[in-house]
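To keep things clear, I will list the structure first and then write my remarks on it.
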Amino acid sequence: MKELLKAVNRFRDERNWRRFHKAKDLSLSISLEAAELLEHFQWIDSEEAIENDKEGIGEEIADVMIYSMMLADDLEFDLEEIILAKLEKNKEKYPLKESKKYDD
């Protein structure tokens with residue numbers, strides 16, 4: 001993950017784009033890219049959307065992840081740490097025994 005983050009930041013820094021990437025701007029970009037991802041699924045079912053443009057869907061996921069990684073790094077979050085912490089919080093919020101009801 002750290003090497004991937006270095007590659008993302010290197011790409012941005014080589015183009016001198018960091019000055020445009022404040023927390024607000026990165027947050028907006030995450031939302032916009034997520035909306036572009038949703039466009040692939042609008043009015044059709046998931047299977048058809050994937051069949052129609054799996055590559056484009058992957059590109060939008062990459063855009064969301066790139067902006068998210070830059071934002072986390074700029075705010076000095078360790079991605080692995082915050083994701084694992086959120087999973088622990090979700091375990092408490094959604095206990096395994098409660099989710100078993102969907103198996104019935």
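Chain labels A, B, ... are given in the sequence in which chains occur in the structure tokens; within each chain residues are numbered consecutively from 1, and ligands are likewise numbered from 1 in the order shown.
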Sel. of alpha helix (DSSP H) residues, chain A, as a ChimeraX atom specification = /A:2-14,23-39,46-74,79-93,96-99
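With only C-alpha atoms taken into account, the protein and nucleic acid residues at most 10 Å from range 71-77 of chain A (excluding it and anything under 6 positions from it in its own chain) are Leu5, Lys6, Asn9, Arg18, His21, Lys22, Ala23, Lys24, Asp25, Leu26, Ser27, Ile30, Met65 and Ile83 of chain A.
Proximity to Val64 in chain A at 9 Å, evaluated using only C-alpha atoms and with sequence-adjacent residues fewer than 6 positions away removed, yields Ser29, Ile30, Ser31, Leu32, Glu33, Ala34 and Leu37 of chain A.
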Any idea what's packed within 12 Å of Leu38 in chain A, counting only C-alpha atoms, ignoring anything in its chain fewer than 2 positions away? Could you give it as an MDAnalysis selection string?
-> chainID A and resid 31:36 40:46 49:50 56:58 60:61 64
Can you spit out the residues from that selection as a compact mmCIF listing (two decimals), in the first residue's frame, using all heavy atoms?
```
# COMPACT_ATOMS: atom_id res chain seq x y z
N SER A 31 -16.42 12.40 -4.33
CA SER A 31 -17.86 12.34 -4.56
C SER A 31 -18.20 12.36 -6.05
O SER A 31 -19.05 11.59 -6.52
CB SER A 31 -18.53 13.52 -3.85
OG SER A 31 -19.93 13.48 -4.04
N LEU A 32 -17.52 13.21 -6.80
CA LEU A 32 -17.77 13.28 -8.24
C LEU A 32 -17.40 11.98 -8.95
O LEU A 32 -18.14 11.50 -9.82
CB LEU A 32 -16.99 14.45 -8.85
CG LEU A 32 -17.47 15.84 -8.42
CD1 LEU A 32 -16.47 16.91 -8.87
CD2 LEU A 32 -18.85 16.13 -8.95
N GLU A 33 -16.27 11.41 -8.58
CA GLU A 33 -15.85 10.15 -9.20
C GLU A 33 -16.78 9.01 -8.80
O GLU A 33 -17.07 8.13 -9.62
CB GLU A 33 -14.40 9.83 -8.85
CG GLU A 33 -13.39 10.81 -9.40
CD GLU A 33 -13.36 10.91 -10.92
OE1 GLU A 33 -13.85 9.99 -11.62
OE2 GLU A 33 -12.84 11.93 -11.43
N ALA A 34 -17.27 9.03 -7.56
CA ALA A 34 -18.24 8.01 -7.13
C ALA A 34 -19.52 8.14 -7.94
O ALA A 34 -20.13 7.12 -8.32
CB ALA A 34 -18.51 8.13 -5.64
N ALA A 35 -19.92 9.36 -8.23
CA ALA A 35 -21.11 9.57 -9.07
C ALA A 35 -20.87 9.04 -10.48
O ALA A 35 -21.77 8.45 -11.10
CB ALA A 35 -21.48 11.05 -9.10
N GLU A 36 -19.66 9.24 -11.01
CA GLU A 36 -19.34 8.70 -12.33
C GLU A 36 -19.38 7.17 -12.32
O GLU A 36 -19.81 6.55 -13.29
CB GLU A 36 -17.98 9.21 -12.80
CG GLU A 36 -18.00 10.69 -13.16
CD GLU A 36 -16.66 11.22 -13.64
OE1 GLU A 36 -15.80 10.41 -14.05
OE2 GLU A 36 -16.49 12.44 -13.62
N HIS A 40 -22.45 4.14 -14.46
CA HIS A 40 -22.32 2.88 -15.19
C HIS A 40 -23.47 1.93 -14.87
O HIS A 40 -23.79 1.05 -15.67
CB HIS A 40 -20.99 2.18 -14.85
CG HIS A 40 -19.81 2.86 -15.45
ND1 HIS A 40 -19.37 2.58 -16.73
CD2 HIS A 40 -18.99 3.81 -14.97
CE1 HIS A 40 -18.32 3.32 -17.00
NE2 HIS A 40 -18.06 4.08 -15.95
N PHE A 41 -24.08 2.10 -13.72
CA PHE A 41 -25.13 1.19 -13.25
C PHE A 41 -26.54 1.78 -13.38
O PHE A 41 -27.52 1.09 -13.10
CB PHE A 41 -24.87 0.81 -11.79
CG PHE A 41 -23.60 0.04 -11.61
CD1 PHE A 41 -22.41 0.69 -11.30
CD2 PHE A 41 -23.56 -1.34 -11.77
CE1 PHE A 41 -21.22 -0.01 -11.14
CE2 PHE A 41 -22.38 -2.05 -11.62
CZ PHE A 41 -21.21 -1.38 -11.30
N GLN A 42 -26.61 3.02 -13.82
CA GLN A 42 -27.91 3.69 -13.88
C GLN A 42 -28.82 3.02 -14.90
O GLN A 42 -28.44 2.82 -16.05
CB GLN A 42 -27.72 5.16 -14.24
CG GLN A 42 -28.98 5.98 -14.13
CD GLN A 42 -28.70 7.46 -14.38
OE1 GLN A 42 -27.71 7.83 -14.98
NE2 GLN A 42 -29.60 8.30 -13.91
N TRP A 43 -30.00 2.66 -14.45
CA TRP A 43 -31.09 2.13 -15.28
C TRP A 43 -30.88 0.70 -15.76
O TRP A 43 -31.69 0.19 -16.54
CB TRP A 43 -31.39 3.04 -16.48
CG TRP A 43 -31.50 4.48 -16.13
CD1 TRP A 43 -30.75 5.48 -16.66
CD2 TRP A 43 -32.39 5.09 -15.19
NE1 TRP A 43 -31.12 6.68 -16.10
CE2 TRP A 43 -32.13 6.47 -15.19
CE3 TRP A 43 -33.38 4.61 -14.32
CZ2 TRP A 43 -32.80 7.37 -14.40
CZ3 TRP A 43 -34.06 5.51 -13.52
CH2 TRP A 43 -33.77 6.86 -13.56
N ILE A 44 -29.81 0.06 -15.35
CA ILE A 44 -29.60 -1.35 -15.75
C ILE A 44 -29.17 -2.15 -14.52
O ILE A 44 -28.76 -1.58 -13.51
CB ILE A 44 -28.55 -1.48 -16.88
CG1 ILE A 44 -27.20 -0.86 -16.47
CG2 ILE A 44 -29.07 -0.85 -18.16
CD1 ILE A 44 -26.10 -1.01 -17.53
N ASP A 45 -29.24 -3.47 -14.63
CA ASP A 45 -28.82 -4.27 -13.48
C ASP A 45 -27.29 -4.42 -13.47
O ASP A 45 -26.61 -4.10 -14.44
CB ASP A 45 -29.53 -5.64 -13.44
CG ASP A 45 -29.22 -6.52 -14.64
OD1 ASP A 45 -28.09 -6.48 -15.15
OD2 ASP A 45 -30.12 -7.28 -15.04
N SER A 46 -26.79 -4.87 -12.36
CA SER A 46 -25.33 -4.95 -12.16
C SER A 46 -24.63 -5.78 -13.22
O SER A 46 -23.59 -5.38 -13.74
CB SER A 46 -25.02 -5.54 -10.78
OG SER A 46 -25.46 -4.68 -9.77
N ALA A 49 -24.34 -3.92 -16.48
CA ALA A 49 -23.38 -2.82 -16.38
C ALA A 49 -21.95 -3.35 -16.47
O ALA A 49 -21.11 -2.78 -17.19
CB ALA A 49 -23.58 -2.07 -15.06
N ILE A 50 -21.68 -4.43 -15.77
CA ILE A 50 -20.33 -5.02 -15.78
C ILE A 50 -20.00 -5.55 -17.17
O ILE A 50 -18.89 -5.34 -17.67
CB ILE A 50 -20.23 -6.11 -14.69
CG1 ILE A 50 -20.35 -5.47 -13.30
CG2 ILE A 50 -18.92 -6.89 -14.83
CD1 ILE A 50 -20.65 -6.45 -12.19
N GLY A 56 -14.30 0.47 -17.76
CA GLY A 56 -14.67 1.82 -17.32
C GLY A 56 -15.03 1.85 -15.84
O GLY A 56 -14.69 2.81 -15.14
N ILE A 57 -15.69 0.82 -15.37
CA ILE A 57 -16.02 0.72 -13.94
C ILE A 57 -14.74 0.67 -13.12
O ILE A 57 -14.61 1.36 -12.12
CB ILE A 57 -16.93 -0.51 -13.68
CG1 ILE A 57 -18.31 -0.28 -14.31
CG2 ILE A 57 -17.04 -0.81 -12.19
CD1 ILE A 57 -19.18 -1.52 -14.37
N GLY A 58 -13.79 -0.12 -13.57
CA GLY A 58 -12.50 -0.21 -12.88
C GLY A 58 -11.78 1.13 -12.84
O GLY A 58 -11.18 1.49 -11.83
N GLU A 60 -13.17 4.09 -12.83
CA GLU A 60 -13.84 4.97 -11.86
C GLU A 60 -13.51 4.55 -10.42
O GLU A 60 -13.30 5.40 -9.55
CB GLU A 60 -15.36 4.98 -12.08
CG GLU A 60 -15.79 5.49 -13.44
CD GLU A 60 -15.28 6.87 -13.81
OE1 GLU A 60 -14.88 7.66 -12.92
OE2 GLU A 60 -15.27 7.18 -15.01
N ILE A 61 -13.44 3.25 -10.18
CA ILE A 61 -13.02 2.78 -8.85
C ILE A 61 -11.61 3.28 -8.56
O ILE A 61 -11.33 3.76 -7.45
CB ILE A 61 -13.09 1.24 -8.76
CG1 ILE A 61 -14.55 0.77 -8.82
CG2 ILE A 61 -12.42 0.73 -7.48
CD1 ILE A 61 -14.70 -0.74 -8.99
N VAL A 64 -11.70 6.96 -7.56
CA VAL A 64 -12.16 7.13 -6.18
C VAL A 64 -11.04 6.78 -5.21
O VAL A 64 -10.78 7.51 -4.24
CB VAL A 64 -13.41 6.25 -5.91
CG1 VAL A 64 -13.76 6.23 -4.42
CG2 VAL A 64 -14.60 6.76 -6.73
```
Please identify all polymer residues within 10 Å of Val8 in chain A, counting only C-alpha atoms, omitting same-chain residues fewer than 6 positions from it, and present them as a PyMOL selection string.
-> chain A and resi 2+66-67+69-70
Based on the selection just made, write C-alpha atoms of those residues as a PDB file, in the first residue's frame.
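Contents of the output file selection-v3.pdb:
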```pdb
ATOM      1  CA  LYS A   2       2.851   2.379   0.813  1.00  0.00           C
ATOM      2  CA  ILE A  66      -6.604   7.649  -5.869  1.00  0.00           C
ATOM      3  CA  TYR A  67      -8.373  10.702  -4.463  1.00  0.00           C
ATOM      4  CA  MET A  69      -5.492   7.837  -0.832  1.00  0.00           C
ATOM      5  CA  MET A  70      -4.275  11.396  -1.424  1.00  0.00           C
TER       6      MET A  70
END
```
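The gap separating CA of Ala62 in chain A from CA of Arg12 in chain A is 14.6 Å, in Å to one decimal.
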Students should find that CA of Phe11 in chain A and CA of Ser68 in chain A are spaced 14.8 Å
